[in-house]
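**Q** work01.pdb (PDB, C-alpha atoms, pLDDT in the B column) pasted underneath:
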ATOM      1  CA  MET A   1      29.719 -17.002 -18.718  1.00 53.00           C
ATOM      2  CA  GLN A   2      31.924 -20.060 -18.073  1.00 60.00           C
ATOM      3  CA  PRO A   3      30.600 -23.366 -19.515  1.00 65.00           C
ATOM      4  CA  ALA A   4      30.148 -24.940 -16.046  1.00 67.00           C
ATOM      5  CA  THR A   5      28.362 -21.822 -14.812  1.00 83.00           C
ATOM      6  CA  ALA A   6      26.124 -21.795 -17.888  1.00 78.00           C
ATOM      7  CA  VAL A   7      25.189 -25.446 -17.305  1.00 79.00           C
ATOM      8  CA  HIS A   8      24.494 -24.736 -13.626  1.00 80.00           C
ATOM      9  CA  HIS A   9      22.345 -21.730 -14.541  1.00 86.00           C
ATOM     10  CA  GLU A  10      20.403 -23.689 -17.171  1.00 91.00           C
ATOM     11  CA  LYS A  11      19.677 -26.607 -14.815  1.00 92.00           C
ATOM     12  CA  SER A  12      18.622 -24.229 -12.056  1.00 94.00           C
ATOM     13  CA  ARG A  13      16.323 -22.377 -14.470  1.00 94.00           C
ATOM     14  CA  ARG A  14      14.845 -25.660 -15.738  1.00 96.00           C
ATOM     15  CA  ILE A  15      14.131 -26.853 -12.203  1.00 97.00           C
ATOM     16  CA  LEU A  16      12.454 -23.548 -11.292  1.00 97.00           C
ATOM     17  CA  ARG A  17      10.287 -23.597 -14.445  1.00 97.00           C
ATOM     18  CA  ALA A  18       9.334 -27.195 -13.657  1.00 98.00           C
ATOM     19  CA  ALA A  19       8.466 -26.244 -10.067  1.00 97.00           C
ATOM     20  CA  ILE A  20       6.220 -23.435 -11.308  1.00 97.00           C
ATOM     21  CA  ALA A  21       4.433 -25.825 -13.685  1.00 98.00           C
ATOM     22  CA  VAL A  22       4.004 -28.530 -11.024  1.00 98.00           C
ATOM     23  CA  PHE A  23       2.917 -26.110  -8.266  1.00 97.00           C
ATOM     24  CA  ALA A  24       0.450 -24.422 -10.653  1.00 96.00           C
ATOM     25  CA  ARG A  25      -1.005 -27.777 -11.693  1.00 96.00           C
ATOM     26  CA  ASN A  26      -1.084 -29.620  -8.349  1.00 96.00           C
ATOM     27  CA  GLY A  27      -0.789 -26.907  -5.720  1.00 93.00           C
ATOM     28  CA  TYR A  28       2.321 -26.514  -3.598  1.00 92.00           C
ATOM     29  CA  HIS A  29       1.296 -28.815  -0.747  1.00 91.00           C
ATOM     30  CA  ALA A  30       0.221 -31.672  -3.039  1.00 95.00           C
ATOM     31  CA  SER A  31       3.436 -31.446  -5.065  1.00 96.00           C
ATOM     32  CA  LYS A  32       6.488 -33.574  -4.382  1.00 96.00           C
ATOM     33  CA  VAL A  33      10.122 -32.883  -5.189  1.00 96.00           C
ATOM     34  CA  GLY A  34      10.023 -36.005  -7.364  1.00 96.00           C
ATOM     35  CA  ASP A  35       7.254 -34.400  -9.454  1.00 97.00           C
ATOM     36  CA  VAL A  36       9.478 -31.375 -10.028  1.00 97.00           C
ATOM     37  CA  ALA A  37      12.458 -33.567 -10.964  1.00 97.00           C
ATOM     38  CA  THR A  38      10.349 -35.545 -13.449  1.00 97.00           C
ATOM     39  CA  GLU A  39       8.945 -32.356 -14.997  1.00 97.00           C
ATOM     40  CA  ALA A  40      12.464 -30.893 -15.292  1.00 97.00           C
ATOM     41  CA  GLY A  41      13.940 -34.121 -16.653  1.00 95.00           C
ATOM     42  CA  VAL A  42      16.624 -34.224 -13.963  1.00 95.00           C
ATOM     43  CA  ALA A  43      17.597 -36.659 -11.215  1.00 94.00           C
ATOM     44  CA  TYR A  44      15.639 -36.360  -7.976  1.00 92.00           C
ATOM     45  CA  GLY A  45      18.755 -35.540  -5.954  1.00 94.00           C
ATOM     46  CA  LEU A  46      19.686 -32.693  -8.284  1.00 95.00           C
ATOM     47  CA  VAL A  47      16.666 -30.672  -7.135  1.00 96.00           C
ATOM     48  CA  TYR A  48      17.951 -30.919  -3.548  1.00 95.00           C
ATOM     49  CA  HIS A  49      21.488 -30.134  -4.708  1.00 94.00           C
ATOM     50  CA  TYR A  50      20.360 -26.861  -6.300  1.00 95.00           C
ATOM     51  CA  PHE A  51      17.613 -25.800  -3.890  1.00 96.00           C
ATOM     52  CA  GLY A  52      17.822 -27.837  -0.685  1.00 93.00           C
ATOM     53  CA  SER A  53      14.072 -28.268  -0.177  1.00 93.00           C
ATOM     54  CA  LYS A  54      10.644 -27.773  -1.698  1.00 93.00           C
ATOM     55  CA  GLU A  55      10.209 -24.748   0.590  1.00 91.00           C
ATOM     56  CA  GLN A  56      13.394 -23.188  -0.777  1.00 93.00           C
ATOM     57  CA  LEU A  57      12.113 -23.729  -4.323  1.00 94.00           C
ATOM     58  CA  LEU A  58       8.951 -21.772  -3.513  1.00 92.00           C
ATOM     59  CA  GLU A  59      10.892 -19.048  -1.731  1.00 89.00           C
ATOM     60  CA  THR A  60      13.252 -18.716  -4.713  1.00 92.00           C
ATOM     61  CA  ILE A  61      10.275 -18.358  -7.051  1.00 93.00           C
ATOM     62  CA  PHE A  62       8.876 -15.603  -4.818  1.00 89.00           C
ATOM     63  CA  ARG A  63      12.211 -13.816  -4.449  1.00 88.00           C
ATOM     64  CA  ARG A  64      13.029 -13.782  -8.161  1.00 91.00           C
ATOM     65  CA  THR A  65       9.540 -12.689  -9.166  1.00 91.00           C
ATOM     66  CA  TRP A  66       9.394  -9.889  -6.622  1.00 88.00           C
ATOM     67  CA  ARG A  67      12.969  -8.804  -7.404  1.00 90.00           C
ATOM     68  CA  ASN A  68      11.958  -8.438 -11.043  1.00 93.00           C
ATOM     69  CA  MET A  69       8.822  -6.517 -10.054  1.00 91.00           C
ATOM     70  CA  LEU A  70      10.857  -4.312  -7.707  1.00 91.00           C
ATOM     71  CA  GLU A  71      13.247  -3.389 -10.525  1.00 94.00           C
ATOM     72  CA  GLN A  72      10.320  -2.418 -12.750  1.00 95.00           C
ATOM     73  CA  VAL A  73       8.593  -0.375 -10.022  1.00 94.00           C
ATOM     74  CA  GLU A  74      11.883   1.397  -9.269  1.00 94.00           C
ATOM     75  CA  GLU A  75      12.127   2.278 -12.958  1.00 96.00           C
ATOM     76  CA  VAL A  76       8.646   3.832 -12.723  1.00 96.00           C
ATOM     77  CA  GLU A  77       9.748   5.619  -9.549  1.00 94.00           C
ATOM     78  CA  ARG A  78      12.712   7.180 -11.391  1.00 95.00           C
ATOM     79  CA  SER A  79      10.484   8.516 -14.147  1.00 95.00           C
ATOM     80  CA  GLU A  80       9.195  12.066 -14.133  1.00 90.00           C
ATOM     81  CA  ALA A  81       5.736  10.993 -15.315  1.00 96.00           C
ATOM     82  CA  PRO A  82       2.644  12.340 -13.534  1.00 96.00           C
ATOM     83  CA  LEU A  83       1.328  10.127 -10.728  1.00 94.00           C
ATOM     84  CA  ARG A  84      -1.657   8.932 -12.781  1.00 92.00           C
ATOM     85  CA  GLU A  85       0.740   7.600 -15.455  1.00 94.00           C
ATOM     86  CA  GLN A  86       2.943   6.011 -12.813  1.00 95.00           C
ATOM     87  CA  ILE A  87      -0.111   4.218 -11.374  1.00 94.00           C
ATOM     88  CA  ARG A  88      -0.970   3.036 -14.897  1.00 93.00           C
ATOM     89  CA  ALA A  89       2.590   1.734 -15.384  1.00 95.00           C
ATOM     90  CA  ILE A  90       2.501  -0.138 -12.069  1.00 95.00           C
ATOM     91  CA  ALA A  91      -0.891  -1.659 -12.923  1.00 93.00           C
ATOM     92  CA  ARG A  92       0.554  -2.760 -16.273  1.00 93.00           C
ATOM     93  CA  ILE A  93       3.551  -4.372 -14.535  1.00 94.00           C
ATOM     94  CA  VAL A  94       1.426  -6.340 -12.063  1.00 93.00           C
ATOM     95  CA  LEU A  95      -1.509  -7.278 -14.294  1.00 94.00           C
ATOM     96  CA  GLY A  96       0.713  -7.878 -17.312  1.00 93.00           C
ATOM     97  CA  GLY A  97       2.295 -10.753 -15.409  1.00 92.00           C
ATOM     98  CA  TRP A  98      -0.854 -12.752 -16.118  1.00 93.00           C
ATOM     99  CA  GLN A  99      -0.349 -12.422 -19.871  1.00 92.00           C
ATOM    100  CA  VAL A 100       3.364 -13.223 -19.684  1.00 93.00           C
ATOM    101  CA  ASP A 101       3.264 -16.183 -17.278  1.00 95.00           C
ATOM    102  CA  PRO A 102      -0.155 -17.283 -15.972  1.00 95.00           C
ATOM    103  CA  GLU A 103       1.318 -20.390 -14.293  1.00 96.00           C
ATOM    104  CA  LEU A 104       3.638 -18.202 -12.232  1.00 95.00           C
ATOM    105  CA  ILE A 105       0.772 -15.909 -11.224  1.00 95.00           C
ATOM    106  CA  ARG A 106      -1.295 -18.959 -10.196  1.00 95.00           C
ATOM    107  CA  VAL A 107       1.503 -20.089  -7.889  1.00 94.00           C
ATOM    108  CA  LEU A 108       2.032 -16.626  -6.406  1.00 91.00           C
ATOM    109  CA  ILE A 109      -1.659 -15.971  -5.737  1.00 91.00           C
ATOM    110  CA  ARG A 110      -2.495 -19.428  -4.395  1.00 89.00           C
ATOM    111  CA  GLU A 111       0.514 -19.705  -2.142  1.00 84.00           C
ATOM    112  CA  VAL A 112       0.302 -16.169  -0.720  1.00 72.00           C
ATOM    113  CA  ALA A 113      -3.258 -16.986   0.339  1.00 64.00           C
ATOM    114  CA  ARG A 114      -2.144 -20.248   1.973  1.00 63.00           C
ATOM    115  CA  GLY A 115       1.188 -19.100   3.323  1.00 64.00           C
ATOM    116  CA  PRO A 116       1.067 -15.384   4.140  1.00 60.00           C
ATOM    117  CA  GLN A 117       4.289 -15.726   6.147  1.00 61.00           C
ATOM    118  CA  LEU A 118       6.112 -15.570   2.801  1.00 67.00           C
ATOM    119  CA  GLN A 119       4.978 -11.959   2.414  1.00 63.00           C
ATOM    120  CA  HIS A 120       6.851 -11.067   5.592  1.00 62.00           C
ATOM    121  CA  GLU A 121       9.901 -13.288   5.052  1.00 66.00           C
ATOM    122  CA  VAL A 122      10.774 -12.310   1.493  1.00 70.00           C
ATOM    123  CA  ASP A 123      12.660  -8.993   1.630  1.00 80.00           C
ATOM    124  CA  GLU A 124      11.912  -8.237  -2.018  1.00 82.00           C
ATOM    125  CA  ILE A 125       8.178  -8.008  -1.262  1.00 81.00           C
ATOM    126  CA  GLN A 126       8.774  -5.409   1.443  1.00 84.00           C
ATOM    127  CA  LEU A 127      11.160  -3.495  -0.833  1.00 89.00           C
ATOM    128  CA  ALA A 128       8.560  -3.437  -3.633  1.00 88.00           C
ATOM    129  CA  PHE A 129       5.945  -2.046  -1.237  1.00 88.00           C
ATOM    130  CA  ALA A 130       8.431   0.582  -0.067  1.00 93.00           C
ATOM    131  CA  ALA A 131       9.093   1.624  -3.692  1.00 94.00           C
ATOM    132  CA  LEU A 132       5.355   1.861  -4.343  1.00 94.00           C
ATOM    133  CA  GLU A 133       4.948   3.971  -1.215  1.00 96.00           C
ATOM    134  CA  ARG A 134       7.756   6.279  -2.397  1.00 96.00           C
ATOM    135  CA  VAL A 135       6.013   6.744  -5.767  1.00 96.00           C
ATOM    136  CA  LEU A 136       2.844   7.836  -3.958  1.00 95.00           C
ATOM    137  CA  THR A 137       4.729  10.011  -1.446  1.00 96.00           C
ATOM    138  CA  ARG A 138       6.477  11.806  -4.292  1.00 96.00           C
ATOM    139  CA  GLY A 139       3.137  12.247  -6.038  1.00 95.00           C
ATOM    140  CA  GLN A 140       1.760  13.783  -2.853  1.00 95.00           C
ATOM    141  CA  GLU A 141       4.741  16.135  -2.583  1.00 96.00           C
ATOM    142  CA  ARG A 142       4.061  17.268  -6.167  1.00 95.00           C
ATOM    143  CA  GLY A 143       0.405  17.881  -5.316  1.00 94.00           C
ATOM    144  CA  GLN A 144      -0.807  14.899  -7.379  1.00 92.00           C
ATOM    145  CA  LEU A 145      -1.994  12.740  -4.455  1.00 90.00           C
ATOM    146  CA  ARG A 146      -4.666  14.042  -2.116  1.00 89.00           C
ATOM    147  CA  ALA A 147      -3.003  15.653   0.898  1.00 91.00           C
ATOM    148  CA  GLU A 148      -5.189  13.883   3.478  1.00 91.00           C
ATOM    149  CA  LEU A 149      -4.207  10.404   2.278  1.00 90.00           C
ATOM    150  CA  GLU A 150      -1.438   8.390   3.869  1.00 94.00           C
ATOM    151  CA  PRO A 151       0.860   7.120   1.064  1.00 95.00           C
ATOM    152  CA  ARG A 152       1.593   3.832   2.872  1.00 94.00           C
ATOM    153  CA  LEU A 153      -2.103   3.000   3.160  1.00 93.00           C
ATOM    154  CA  ALA A 154      -2.703   4.127  -0.429  1.00 92.00           C
ATOM    155  CA  ALA A 155       0.086   1.748  -1.557  1.00 93.00           C
ATOM    156  CA  TRP A 156      -1.666  -1.151   0.181  1.00 92.00           C
ATOM    157  CA  ILE A 157      -4.986  -0.167  -1.405  1.00 92.00           C
ATOM    158  CA  LEU A 158      -3.412  -0.087  -4.870  1.00 92.00           C
ATOM    159  CA  TYR A 159      -1.674  -3.423  -4.379  1.00 90.00           C
ATOM    160  CA  GLY A 160      -4.815  -4.966  -2.870  1.00 91.00           C
ATOM    161  CA  ALA A 161      -6.901  -3.955  -5.875  1.00 93.00           C
ATOM    162  CA  LEU A 162      -4.357  -5.413  -8.300  1.00 94.00           C
ATOM    163  CA  GLU A 163      -3.974  -8.630  -6.295  1.00 92.00           C
ATOM    164  CA  GLU A 164      -7.751  -9.147  -6.168  1.00 93.00           C
ATOM    165  CA  ILE A 165      -7.990  -8.835  -9.954  1.00 95.00           C
ATOM    166  CA  LEU A 166      -5.233 -11.434 -10.328  1.00 95.00           C
ATOM    167  CA  THR A 167      -7.069 -13.640  -7.818  1.00 94.00           C
ATOM    168  CA  GLY A 168     -10.227 -13.353  -9.900  1.00 95.00           C
ATOM    169  CA  TRP A 169      -8.320 -14.509 -12.975  1.00 96.00           C
ATOM    170  CA  VAL A 170      -6.579 -17.361 -11.143  1.00 95.00           C
ATOM    171  CA  PHE A 171      -9.821 -18.753  -9.724  1.00 93.00           C
ATOM    172  CA  GLY A 172     -11.874 -18.072 -12.845  1.00 93.00           C
ATOM    173  CA  SER A 173     -14.167 -15.476 -11.259  1.00 93.00           C
ATOM    174  CA  LEU A 174     -13.159 -12.874 -13.856  1.00 92.00           C
ATOM    175  CA  ALA A 175     -12.653 -13.269 -17.590  1.00 91.00           C
ATOM    176  CA  ALA A 176      -8.974 -12.992 -18.522  1.00 88.00           C
ATOM    177  CA  THR A 177      -8.614 -12.373 -22.248  1.00 90.00           C
ATOM    178  CA  ASP A 178      -6.106  -9.783 -23.465  1.00 88.00           C
ATOM    179  CA  GLU A 179      -8.993  -7.323 -23.763  1.00 92.00           C
ATOM    180  CA  ASP A 180     -10.068  -8.070 -20.183  1.00 91.00           C
ATOM    181  CA  VAL A 181      -6.527  -7.454 -18.950  1.00 90.00           C
ATOM    182  CA  ALA A 182      -6.442  -4.083 -20.753  1.00 90.00           C
ATOM    183  CA  ARG A 183      -9.873  -3.165 -19.335  1.00 92.00           C
ATOM    184  CA  ALA A 184      -8.780  -4.140 -15.827  1.00 92.00           C
ATOM    185  CA  GLU A 185      -5.724  -1.924 -16.119  1.00 89.00           C
ATOM    186  CA  GLU A 186      -7.855   1.026 -17.245  1.00 90.00           C
ATOM    187  CA  SER A 187     -10.416   0.370 -14.500  1.00 91.00           C
ATOM    188  CA  VAL A 188      -7.784   0.289 -11.763  1.00 88.00           C
ATOM    189  CA  VAL A 189      -6.262   3.518 -13.039  1.00 86.00           C
ATOM    190  CA  ALA A 190      -9.665   5.220 -13.277  1.00 88.00           C
ATOM    191  CA  VAL A 191     -10.964   4.081  -9.882  1.00 86.00           C
ATOM    192  CA  LEU A 192      -7.763   4.658  -7.953  1.00 80.00           C
ATOM    193  CA  SER A 193      -6.674   7.820  -9.727  1.00 76.00           C
ATOM    194  CA  ASP A 194     -10.067   9.421  -9.254  1.00 75.00           C
ATOM    195  CA  GLY A 195     -10.007   8.398  -5.597  1.00 73.00           C
ATOM    196  CA  LEU A 196      -6.354   9.135  -4.859  1.00 61.00           C
ATOM    197  CA  CYS A 197      -5.194  11.853  -7.217  1.00 65.00           C
ATOM    198  CA  THR A 198      -5.959  15.548  -7.238  1.00 62.00           C
TER
END
Could you render the structure as structure tokens?
**A**
Amino acid sequence: MQPATAVHHEKSRRILRAAIAVFARNGYHASKVGDVATEAGVAYGLVYHYFGSKEQLLETIFRRTWRNMLEQVEEVERSEAPLREQIRAIARIVLGGWQVDPELIRVLIREVARGPQLQHEVDEIQLAFAALERVLTRGQERGQLRAELEPRLAAWILYGALEEILTGWVFGSLAATDEDVARAEESVVAVLSDGLCT
């Protein structure tokens, strides 16, 4: 990586991390670009130079997070594991995000609830759902998903269950220790596998 490119990348990363911290603490709508600049330790104008607007900052956070999740789900999709194990791996990917970066999960959950248009505008979200649907379709073709179920609907059910657990953690309705995260993963696998799998 060229020195100028490395500096650009580092400043961009610092601004994004600062935006996540500020949005998690204050909420997106109550946050100002100046708050992000202060948190990142950069000039106010530099945030606009790198991202153009507060909206673009949020969209970039969503795109990068979902791109990362998409790559992980596609890795599960490529595996030859039984469907139950693939569901477990996907639950671990989604719920494990809370342990890795709770501030990021707070931003994602809060802002999806307030701005659902992001779910339709960010291509990576649609691609991740498509990958999840393919995992379930393949499981059905192998006789591991009940034949009467529609894989697309089953993908939404799986994602909905995982998102609601994350929502419970974000808003404090559910305990969120490491043990709770592990139990949630097992519960999702048990409930959905028993309901979806043959």
**Q** Name every residue that the PyMOL selection byres ((chain A and resi 95-97) around 10) selects in this structure, writing the answer as a list in words with chains first and numbers rising.
**A**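 Those residues are Thr65, Met69, Ala89, Ile90, Ala91, Arg92, Ile93, Val94, Trp98, Gln99, Val100, Asp101, Pro102, Glu103, Leu104, Ile105, Leu162, Glu163, Ile165, Leu166, Asp178, Val181, Ala182, Ala184 and Glu185 of chain A.
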**Q** Do you know which residues are at most 10 Å from Arg142 of chain A counting all atoms listed in the file, after dropping those on the same chain fewer than 6 positions away, and could you put them as a list in words?
**A**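 Surrounding residues, per the criterion: Pro82, Leu83 and Leu136 of chain A.
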**Q** Using the chain letters and numbers from the file, which residues does the PyMOL selection byres ((chain A and resi 76) around 9) grab, as a ChimeraX atom specification?
**A** /A:71-75,77-81,86-87,89-90,135
**Q** Kindly indicate which residue among A:Arg64, A:Arg84, A:Ala130, A:Ala175 lies nearest to Gly143 of chain A, using only C-alpha atoms for the distances.
**A**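 Comparing A:Arg64, A:Arg84, A:Ala130, A:Ala175 against Gly143 of chain A, the winner is A:Arg84.
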**Q** So, with all atoms listed in the file as the atoms that count, which of A:Tyr28, A:Tyr48, A:Trp169, A:Trp66 lies closest to Phe129 of chain A?
**A**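 The shortest atom-to-atom distance to Phe129 of chain A comes from A:Trp66.
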**Q** Could you check which of A:Ala190, A:Ile109, A:Ala147, A:Val33 is closest to Gly168 of chain A, using all atoms listed in the file?
**A**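 So, comparing all the options, the nearest one is A:Ile109.
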**Q** Report the distance between atom CA of His8 of chain A and atom CA of Tyr50 of chain A in Å, rounded to one decimal place.
**A** 8.7 Å
**Q** Ranking A:Gly160, A:Pro151, A:Gly34, A:Gly27 by minimum distance to Val47 of chain A and counting only C-alpha atoms, which one comes first?
**A** A:Gly34
**Q** I'd like the interatomic distance between atom CA of Arg14 of chain A and atom CA of Arg67 of chain A, to a tenth of an Å.
**A**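 Separating atom CA of Arg14 of chain A from atom CA of Arg67 of chain A is a distance of 18.9 Å.
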**Q** My list of candidates is A:Lys32, A:Arg63, A:Lys11, A:Arg25. Which is closest to Glu124 of chain A when distances are computed with only C-alpha atoms?
**A**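 So, comparing all the options, the nearest one is A:Arg63.
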**Q** Take the PyMOL selection byres ((chain A and resi 152) around 9), run it mentally on this structure, and tell me the resulting residues as a ChimeraX atom specification.
**A** /A:129-130,132-134,136-137,149-151,153-157
**Q** What does the distance from atom CA of Gly52 of chain A to atom CA of Thr167 of chain A come to in Å, to one decimal?
**A** 29.5 Å
**Q** Find the residues around Glu39 of chain A up to 8 Å (all atoms listed in the file counted), leave out those fewer than 5 positions away in its own chain, and share them as a PyMOL selection string.
**A** chain A and resi 18-19+22
**Q** With 5 Å on each side, where is the centre of the axis-aligned box around all listed atoms of segment 55-72 of chain A, and how long are its edges in Å to one decimal, as JSON?
**A**
{"center_x": 11.1, "center_y": -13.6, "center_z": -6.1, "size_x": 14.6, "size_y": 32.3, "size_z": 23.3}
**Q** So, counting all atoms listed in the file, which residue among A:Lys54, A:Arg88, A:His29, A:His9 is closest to Arg183 of chain A?
**A**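 Answer, going by the shortest atom-to-atom distance: A:Arg88.
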**Q** If we count only C-alpha atoms, what is near segment 106-108 of chain A at a cut-off of 8 Å, once residues fewer than 6 positions away on the same chain are taken out, given as a tab-separated table (two decimals) with C-alpha atoms, keeping the file's coordinate frame?
**A**
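Once everything was written out, this is part11.tsv:
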chain	number	residue	atom	x	y	z
A	20	ILE	CA	6.22	-23.44	-11.31
A	23	PHE	CA	2.92	-26.11	-8.27
A	24	ALA	CA	0.45	-24.42	-10.65
A	27	GLY	CA	-0.79	-26.91	-5.72
A	28	TYR	CA	2.32	-26.51	-3.60
A	62	PHE	CA	8.88	-15.60	-4.82
A	170	VAL	CA	-6.58	-17.36	-11.14
